[in-house]
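Next up, protein11.txt (compact mmCIF, C-alpha atoms):
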```txt
# COMPACT_ATOMS: atom_id res chain seq x y z
CA MET X 28 12.12 122.81 137.04
CA THR X 29 14.76 121.41 134.66
CA GLU X 30 18.53 121.33 135.20
CA LYS X 31 18.94 124.13 132.65
CA ASP X 32 16.37 126.32 134.39
CA ILE X 33 17.85 125.88 137.83
CA ASN X 34 21.42 126.48 136.63
CA MET X 35 20.30 129.73 135.02
CA GLN X 36 18.51 130.74 138.20
CA LEU X 37 21.58 129.97 140.30
CA GLU X 38 23.72 132.14 138.04
CA THR X 39 21.20 134.95 138.48
CA TYR X 40 21.39 134.61 142.27
CA LYS X 41 25.18 134.63 142.05
CA LYS X 42 25.24 137.86 140.03
CA GLN X 43 22.89 139.48 142.56
CA GLY X 44 25.37 138.75 145.34
CA CYS X 45 23.28 136.14 147.13
CA ASN X 46 24.95 133.72 149.53
CA LEU X 47 25.04 130.35 147.75
CA LEU X 48 25.11 127.43 150.20
CA MET X 49 26.91 124.93 148.00
CA PRO X 50 30.41 124.10 146.81
CA SER X 51 29.32 124.29 143.15
CA THR X 52 26.88 126.45 141.20
CA THR X 53 25.96 123.83 138.59
CA ILE X 54 23.74 120.75 138.77
CA ALA X 55 23.90 117.96 136.21
CA GLY X 56 23.40 114.23 135.74
CA LEU X 57 20.08 113.81 137.56
CA SER X 58 17.91 110.76 137.05
CA GLU X 59 14.32 110.96 135.88
CA TYR X 60 13.12 110.41 139.46
CA HIS X 61 15.04 113.37 140.93
CA GLN X 62 14.39 117.07 140.59
CA PRO X 63 16.31 120.11 141.81
CA VAL X 64 14.57 122.65 144.02
CA ILE X 65 15.76 126.01 145.35
CA GLU X 66 15.16 127.20 148.90
CA THR X 67 16.10 130.55 150.40
CA VAL X 68 16.59 131.85 153.95
CA LYS X 69 16.96 135.48 155.00
CA LEU X 70 19.01 136.20 158.14
CA SER X 71 18.59 139.41 160.09
CA SER X 72 21.64 141.59 160.73
CA ASP X 73 19.98 142.92 163.91
CA PRO X 74 21.46 141.01 166.87
CA ASN X 75 18.19 141.49 168.77
CA ASP X 76 16.54 139.06 166.35
CA GLY X 77 18.89 136.28 167.45
CA ASP X 78 20.36 135.39 164.05
CA VAL X 79 23.82 136.96 164.48
CA TYR X 80 26.21 138.34 167.05
CA ALA X 81 29.06 140.82 166.61
CA HIS X 82 32.43 139.49 165.46
CA ASP X 83 34.31 142.45 166.92
CA ASP X 84 33.74 145.92 168.35
CA ALA X 85 33.66 147.68 164.99
CA LYS X 86 31.10 150.44 164.59
CA PRO X 87 27.78 149.62 162.87
CA GLY X 88 27.89 149.92 159.11
CA PRO X 89 27.73 147.94 155.88
CA ASP X 90 31.17 146.41 156.52
CA LYS X 91 30.60 145.38 160.15
CA LYS X 92 31.15 141.64 160.52
CA TRP X 93 28.70 139.26 162.17
CA ARG X 94 28.84 135.61 163.18
CA PRO X 95 25.74 133.39 162.78
CA THR X 96 24.17 132.14 166.01
CA LYS X 97 22.94 128.61 166.65
CA GLN X 98 19.42 129.74 165.73
CA ALA X 99 20.68 130.92 162.32
CA LEU X 100 22.76 127.78 161.82
CA MET X 101 19.73 125.59 162.43
CA ARG X 102 17.67 127.60 159.93
CA LEU X 103 20.41 127.24 157.31
CA SER X 104 20.83 123.53 158.00
CA VAL X 105 17.07 122.96 157.54
CA CYS X 106 17.16 124.93 154.29
CA ALA X 107 20.08 122.84 153.03
CA GLY X 108 18.58 119.56 154.25
CA VAL X 109 21.46 118.82 156.61
CA ILE X 110 21.02 115.71 158.75
CA TRP X 111 22.45 116.05 162.27
CA SER X 112 23.35 112.87 164.11
CA PRO X 113 21.47 112.89 167.46
CA THR X 114 23.88 110.38 169.01
CA GLU X 115 27.25 111.55 167.70
CA SER X 116 26.61 115.29 168.11
CA ARG X 117 27.38 115.77 171.80
CA ARG X 118 29.70 117.16 174.45
CA ILE X 119 32.90 115.11 174.47
CA ASP X 120 34.77 116.33 177.58
CA ASN X 121 34.12 114.70 180.96
CA GLY X 122 32.92 117.93 182.58
CA SER X 123 35.36 117.72 185.49
CA ASP X 124 37.21 120.93 184.60
CA ARG X 125 35.04 124.05 184.84
CA ASN X 126 37.59 125.93 182.71
CA TYR X 127 37.34 123.58 179.73
CA ILE X 128 34.55 122.31 177.49
CA ALA X 129 34.55 120.53 174.11
CA TYR X 130 31.74 119.65 171.73
CA LYS X 131 31.55 117.44 168.62
CA ALA X 132 29.01 117.92 165.81
CA VAL X 133 28.30 115.39 163.04
CA GLY X 134 26.14 116.37 160.07
CA GLY X 135 25.61 115.33 156.49
CA ILE X 136 23.69 115.88 153.27
CA LYS X 137 21.97 113.29 151.10
CA LYS X 138 23.34 112.93 147.60
CA ALA X 139 21.12 112.42 144.55
CA ASP X 140 21.36 108.63 144.96
CA GLY X 141 20.07 108.88 148.54
CA GLN X 142 23.40 108.17 150.21
CA PRO X 143 24.33 110.63 153.01
CA VAL X 144 27.77 112.23 153.17
CA PHE X 145 28.76 113.10 156.75
CA PHE X 146 31.37 115.47 158.17
CA SER X 147 32.40 115.88 161.80
CA ALA X 148 34.06 118.79 163.58
CA GLU X 149 35.01 119.67 167.15
CA TYR X 150 35.08 122.97 169.02
CA ASP X 151 36.43 123.66 172.49
CA LEU X 152 36.80 126.53 174.95
CA ASP X 153 39.66 126.88 177.43
CA PHE X 154 38.64 129.75 179.69
CA GLU X 155 42.17 130.35 180.93
CA VAL X 156 43.23 131.02 177.35
CA VAL X 157 40.06 133.02 176.70
CA ALA X 158 40.78 135.20 179.74
CA GLU X 159 44.30 135.92 178.50
CA GLU X 160 43.03 136.85 175.04
CA LEU X 161 40.40 139.18 176.49
CA LYS X 162 42.95 140.80 178.77
CA THR X 163 45.33 141.43 175.86
CA ASN X 164 42.56 142.94 173.73
CA TYR X 165 41.27 145.26 176.43
CA GLU X 166 44.77 146.35 177.45
CA GLN X 167 45.29 147.56 173.88
CA LYS X 168 42.02 149.50 174.05
CA ALA X 169 42.88 150.93 177.47
CA LYS X 170 45.90 152.76 176.04
CA TRP X 171 43.54 155.36 174.56
CA LEU X 172 40.98 155.28 177.37
CA LYS X 173 39.74 158.72 178.41
CA LYS X 174 37.62 159.89 181.34
CA ASP X 175 35.44 162.89 182.23
CA ASN X 176 33.67 162.85 178.87
CA GLY X 177 36.97 162.60 177.02
CA ASN X 178 38.58 165.60 178.72
CA ARG X 179 41.49 163.74 180.28
CA GLN X 180 43.55 160.58 179.79
CA ALA X 181 42.74 157.73 182.15
CA THR X 182 45.22 157.00 184.93
CA ASP X 183 47.03 153.66 185.17
CA LYS X 184 44.73 152.58 188.00
CA GLU X 185 41.64 153.44 185.98
CA LYS X 186 43.00 151.49 183.02
CA VAL X 187 43.60 148.42 185.20
CA GLU X 188 40.08 148.67 186.62
CA TYR X 189 38.64 149.03 183.12
CA VAL X 190 40.50 145.94 181.86
CA GLU X 191 39.53 143.88 184.89
CA TYR X 192 35.87 144.86 184.62
CA CYS X 193 35.62 144.10 180.88
CA VAL X 194 37.43 140.76 181.16
CA ASN X 195 35.25 139.56 184.05
CA ARG X 196 32.09 140.71 182.26
CA ASP X 197 32.89 138.93 178.99
CA LEU X 198 34.22 135.84 180.73
CA LEU X 199 31.05 135.49 182.81
CA GLN X 200 28.92 135.80 179.69
CA LYS X 201 30.93 133.09 177.93
CA ARG X 202 30.74 130.79 180.95
CA LYS X 203 26.95 131.15 181.10
CA ASN X 204 26.64 130.15 177.43
CA LYS X 205 29.63 127.85 177.11
CA LEU X 206 27.69 124.82 175.83
CA LYS X 207 25.77 126.91 173.27
CA LEU X 208 29.00 128.55 172.10
CA CYS X 209 30.78 125.21 171.66
CA GLU X 210 27.79 123.58 169.98
CA ALA X 211 27.37 126.48 167.56
CA GLY X 212 31.11 126.54 166.87
CA ALA X 213 31.22 122.83 166.02
CA MET X 214 28.09 123.04 163.85
CA ASN X 215 29.48 126.11 162.12
CA ARG X 216 32.61 124.17 161.16
CA VAL X 217 30.54 121.26 159.80
CA LEU X 218 28.34 123.60 157.76
CA ARG X 219 31.36 125.44 156.38
CA MET X 220 32.74 122.10 155.11
CA LEU X 221 29.40 120.95 153.71
CA LEU X 222 28.11 124.20 152.21
CA GLY X 223 31.04 126.54 151.86
CA LEU X 224 29.65 128.72 154.68
CA LYS X 225 31.90 131.60 155.72
CA GLN X 226 32.89 132.28 159.31
CA THR X 227 31.61 135.87 159.25
CA TYR X 228 29.26 137.94 157.09
CA THR X 229 29.07 141.70 156.74
CA THR X 230 25.88 143.69 157.17
CA LYS X 231 25.79 144.22 153.40
CA GLU X 232 26.10 140.48 152.72
CA LEU X 233 23.27 139.71 155.15
CA GLU X 234 20.97 141.92 153.11
CA GLN X 235 20.96 139.15 150.49
CA PRO X 236 19.26 135.78 151.14
CA PHE X 237 21.05 132.48 151.56
CA VAL X 238 20.25 130.23 148.59
CA MET X 239 20.44 126.43 148.53
CA ALA X 240 19.73 124.08 145.63
CA ARG X 241 18.72 120.62 146.82
CA ILE X 242 17.91 117.36 145.06
CA VAL X 243 14.56 115.80 145.97
CA PHE X 244 13.05 112.43 145.02
CA ARG X 245 9.96 112.96 142.88
CA PRO X 246 8.75 109.82 141.09
CA ASP X 247 6.12 109.85 138.37
CA PHE X 248 2.88 108.91 140.14
CA ASN X 249 1.17 108.41 136.79
CA ASP X 250 3.25 105.25 136.45
CA ALA X 251 1.21 102.20 137.59
CA GLU X 252 4.25 100.47 139.13
CA VAL X 253 5.19 103.60 141.07
CA LYS X 254 1.63 103.84 142.40
CA LYS X 255 1.75 100.19 143.44
CA GLN X 256 5.01 100.60 145.33
CA PHE X 257 3.78 103.81 146.98
CA VAL X 258 0.58 102.13 148.23
CA ALA X 259 2.58 99.15 149.50
CA ALA X 260 4.91 101.47 151.41
CA SER X 261 1.94 103.35 152.89
CA ILE X 262 0.31 100.12 154.07
CA LYS X 263 3.58 98.98 155.61
CA ALA X 264 3.90 102.28 157.47
CA MET X 265 0.29 101.99 158.70
CA THR X 266 0.76 98.44 160.00
CA GLY X 267 3.92 99.61 161.75
CA ILE X 268 1.78 102.07 163.72
CA TYR X 269 -1.34 99.96 164.35
CA GLY X 270 0.32 96.57 164.70
CA PRO X 271 0.53 93.46 162.53
CA ALA X 272 -3.21 93.36 161.80
CA ALA X 273 -3.54 95.13 158.44
CA LEU X 274 -6.71 96.93 157.49
CA ASP X 275 -7.33 94.53 154.63
CA GLN X 276 -6.97 91.47 156.86
CA GLU X 277 -9.37 88.74 155.77
CA VAL X 278 -12.13 88.16 158.31
CA ARG X 279 -12.75 84.56 159.36
CA LYS X 280 -15.75 83.21 157.51
CA SER X 281 -18.78 81.66 159.20
CA GLU X 282 -22.27 80.60 158.22
CA PRO X 283 -24.29 83.40 156.55
CA ILE X 284 -26.73 85.26 158.75
CA ASP X 285 -29.83 86.90 157.35
CA VAL X 286 -29.45 90.63 157.87
CA THR X 287 -31.48 93.68 156.96
CA PRO X 288 -29.71 96.11 154.55
CA ILE X 289 -28.06 98.93 156.38
CA HIS X 290 -30.05 101.63 154.61
CA ASP X 291 -33.29 100.16 156.01
CA GLU X 292 -32.22 100.55 159.63
CA ASP X 293 -30.34 103.04 161.74
CA PRO X 294 -27.48 101.31 163.57
CA GLY X 295 -26.60 104.63 165.16
CA LYS X 296 -29.86 104.54 167.16
CA PRO X 297 -30.29 100.97 168.51
CA GLU X 298 -32.95 100.04 171.01
CA PRO X 299 -31.83 101.15 174.48
CA GLU X 300 -30.75 98.34 176.77
CA ALA X 301 -28.72 97.97 179.92
CA GLN X 302 -25.08 97.17 179.23
CA PRO X 303 -22.67 95.41 181.57
CA ALA X 304 -19.74 97.45 182.85
CA ALA X 305 -17.25 95.70 180.52
CA GLU X 306 -19.39 96.42 177.46
CA GLU X 307 -19.85 100.01 178.57
CA SER X 308 -16.09 100.44 178.91
CA ALA X 309 -15.52 98.88 175.48
CA MET X 310 -18.03 101.28 173.95
CA ILE X 311 -16.31 104.28 175.53
CA ASP X 312 -12.93 103.17 174.19
CA PHE X 313 -14.46 102.54 170.77
CA GLN X 314 -16.07 106.00 170.58
CA ASN X 315 -12.79 107.67 171.56
CA SER X 316 -10.85 105.84 168.80
CA ASP X 317 -10.20 107.12 165.30
CA ASP X 318 -11.78 105.61 162.16
CA LYS X 319 -9.02 103.06 161.47
CA ALA X 320 -8.88 101.86 165.06
CA GLN X 321 -12.67 101.47 165.08
CA CYS X 322 -12.47 99.28 161.97
CA LEU X 323 -9.87 97.07 163.61
CA ALA X 324 -12.03 96.79 166.75
CA ILE X 325 -15.06 95.73 164.70
CA LYS X 326 -13.04 93.12 162.83
CA GLY X 327 -11.60 91.76 166.06
CA ARG X 328 -15.02 91.50 167.70
CA ALA X 329 -16.45 89.81 164.59
CA GLU X 330 -13.72 87.17 164.75
CA VAL X 331 -14.39 86.51 168.45
CA THR X 332 -18.13 86.10 167.93
CA GLY X 333 -17.92 84.33 164.55
CA TYR X 334 -19.93 87.06 162.85
CA ASP X 335 -19.66 86.93 159.04
CA LEU X 336 -18.49 90.50 158.46
CA MET X 337 -17.54 89.92 154.81
CA ASP X 338 -21.03 88.72 154.00
CA TYR X 339 -22.50 91.70 155.86
CA LEU X 340 -20.39 94.13 153.81
CA LYS X 341 -21.50 92.38 150.64
CA ARG X 342 -25.18 92.63 151.59
CA THR X 343 -24.93 96.31 152.48
CA GLN X 344 -22.95 96.99 149.27
CA ALA X 345 -20.22 98.75 151.25
CA ALA X 346 -16.62 98.64 149.98
CA ASN X 347 -15.20 98.44 153.51
CA LEU X 348 -15.86 99.57 157.05
CA LEU X 349 -14.39 103.00 156.36
CA ALA X 350 -17.32 103.60 154.00
CA PHE X 351 -19.68 103.62 156.99
CA THR X 352 -20.40 106.76 158.98
CA ALA X 353 -19.18 107.04 162.56
CA GLU X 354 -22.73 106.49 163.86
CA GLN X 355 -23.12 103.35 161.73
CA ARG X 356 -19.84 101.89 163.01
CA ILE X 357 -20.87 102.62 166.60
CA GLY X 358 -24.20 100.87 166.06
CA LEU X 359 -22.54 97.85 164.46
CA PHE X 360 -19.97 97.52 167.24
CA LYS X 361 -22.67 97.87 169.90
CA HIS X 362 -24.59 95.02 168.25
CA LEU X 363 -21.46 92.84 168.13
CA LEU X 364 -21.01 93.36 171.87
CA THR X 365 -24.44 91.76 172.41
CA LEU X 366 -23.44 88.60 170.51
CA PRO X 367 -21.99 85.68 172.47
CA GLU X 368 -18.45 84.62 171.92
CA LYS X 369 -17.86 81.25 170.32
CA GLY X 370 -18.89 78.45 172.66
CA GLU X 371 -21.14 80.67 174.83
CA GLN X 372 -24.95 80.65 174.95
CA PRO X 373 -26.48 83.34 172.73
CA LYS X 374 -27.72 86.50 174.41
CA THR X 375 -30.30 87.18 171.73
CA ASN X 376 -31.66 85.55 168.58
CA VAL X 377 -32.44 88.81 166.82
CA PRO X 378 -30.16 89.16 163.75
CA TYR X 379 -28.49 92.49 163.08
```
Would you kindly transcribe this structure into C-alpha cells?
Amino acid sequence: MTEKDINMQLETYKKQGCNLLMPSTTIAGLSEYHQPVIETVKLSSDPNDGDVYAHDDAKPGPDKKWRPTKQALMRLSVCAGVIWSPTESRRIDNGSDRNYIAYKAVGGIKKADGQPVFFSAEYDLDFEVVAEELKTNYEQKAKWLKKDNGNRQATDKEKVEYVEYCVNRDLLQKRKNKLKLCEAGAMNRVLRMLLGLKQTYTTKELEQPFVMARIVFRPDFNDAEVKKQFVAASIKAMTGIYGPAALDQEVRKSEPIDVTPIHDEDPGKPEPEAQPAAEESAMIDFQNSDDKAQCLAIKGRAEVTGYDLMDYLKRTQAANLLAFTAEQRIGLFKHLLTLPEKGEQPKTNVPY
C-alpha cells in the first residue's frame, strides 16, 4: 500500500466517522524500507463485554457516554503498537495509607526511523475526596427521591439512608478495584497524549471502529544484501538460544574412516546390544531433543571421539545433519556412543 493509497483510505475512514487513533491523518516521507499499514479495533458498547463502563447515570441511548476499561485500552495499545515500559509502569505510592493510591504509566510508539517516543502520566485516588464527591452527587439526586412506587416524596431520614447506602456501595466497589482504576486511568492519559484518544465515547461513536495507521519495517528480500543480513541476524538469534556453538561450526578433522554409504544401511535399526546406563541416558536425552539440538549433540560426540563427521557427510552426499531423517540421526548418534573417546581403547573395530 502506497502513501497515496493509505492517505485516501484514512480520509474515507474519517468521513465515515471512525475513531482515528493518531494526531494527524496524513502520512508522508517514508523510506523505501518502510510501509504504512492500517489496523482496526471494534469496542463493544455493552458493559457486560468488559470494554467500557458508564461515565455517568444517564439513560441508555446513542448519546450515553462510556469510558474505556483497561481491557479496551490494552486492545487499542496493541493495535497502535504502543510499547509499555514494564519497569517504569508501576504503583508509586508506598501503600501505607489505605485511603490513597497512585500509579504511573509509561508508554511510547516507534517512529518511522525506529526510535521510540515515550510519554508518562500519573493517576491517583484519594478515597476521602472520592467519598465527598459521591455524597454531593447522591444528595443532589435525593432531592427528588420518591418512595412507594413514586406515590410520595421521601422523608429526610429516607434520603439520608439512601445517600449513605449509595456512597458506601460505590466506595466499596472503588476500593476493591483501586489498583485497576489507577492503572487504567494512567494508561488512558498516556494513550490520549500519544493517539489523541478521548476520555469518553458515546454509544453512537462506539459503533464505528478505532482505526490506526502504523509504520512497519519491510525490506526488499529480493535484494541479495538484505537476504545476507537477514540470514546473519537469524543465525545470531539461534546461537543466542542454543549457545555459542553455531550450527555451521567446523568439526575437528581426523583421519578418514572407510564407511558404507548411508543409503546402503539403516542406521535407524542397528544391531541390538546392551548399553551402559550412561549411554542409555544419553540416548533418551537425544531422542527427546529437537532436530537442531540433535545435530549439536552429534557434532559434540564426533569431536570427543575424533570421528571425521565432515568426511562422512561428504561420502553420504548429505548437505548437513538436518538432511538426515530422525531415525538416521538416532542411529548415527547410537554408533558414536559405541566409539571410544580419544586416548581410550576402542570398543569395536567395525566402522560405521
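CA of Leu103 in chain X sits 9.7 Å away from CA of Leu224 in chain X.
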- Using all atoms listed in the file, which residues sit within 12 Å of range 201-211 of chain X once same-chain residues fewer than 5 positions away are excluded, as a count of residues only? 46
- d(CA of Asn315 in chain X, CA of Ala350 in chain X) in Å: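 It comes out at 18.6 Å.
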- Query: From the list X:Glu232, X:Asp338, X:Glu185, X:Glu191, which residue is nearest Lys69 in chain X when using all atoms listed in the file?
  - Reply: X:Glu232
- Atomic distance CA of Glu330 in chain X - CA of Leu359 in chain X, expressed in Å with one decimal: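 Straight-line distance from CA of Glu330 in chain X to CA of Leu359 in chain X works out to 13.9 Å.
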- Go through X:Met214, X:Met35, X:Cys45, X:Leu336 and flag the residue nearest Ser112 in chain X, using all atoms listed in the file for the distances.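 Answer, going by the shortest atom-to-atom distance: X:Met214.
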- Task: Please tell me which residues are no farther than 10 Å from (30.0, 146.1, 161.8) in the file, counting all atoms listed in the file, and write them as a ChimeraX atom specification.
- Result: /X:72,81-93,228-231
- Which is closer to Gly44 in chain X than all the others in X:Leu233, X:Leu366, X:Leu222, X:Ile65, using all atoms listed in the file? X:Leu233
- Item | Spatial neighbours of Arg356 in chain X, 9 Å, only C-alpha atoms, chain gap at least 5 places, as number ranges by chain | X: 294-295, 318, 321-322, 325, 348-349, 351, 361
Output, as AutoDock Vina command-line options, the centre and edge lengths in Å (one decimal) of the axis-aligned box that contains all listed atoms of range 226-239 of chain X with 5 Å of margin on each side.
```
--center_x 26.1 --center_y 135.3 --center_z 153.9 --size_x 23.6 --size_y 27.8 --size_z 20.8
```
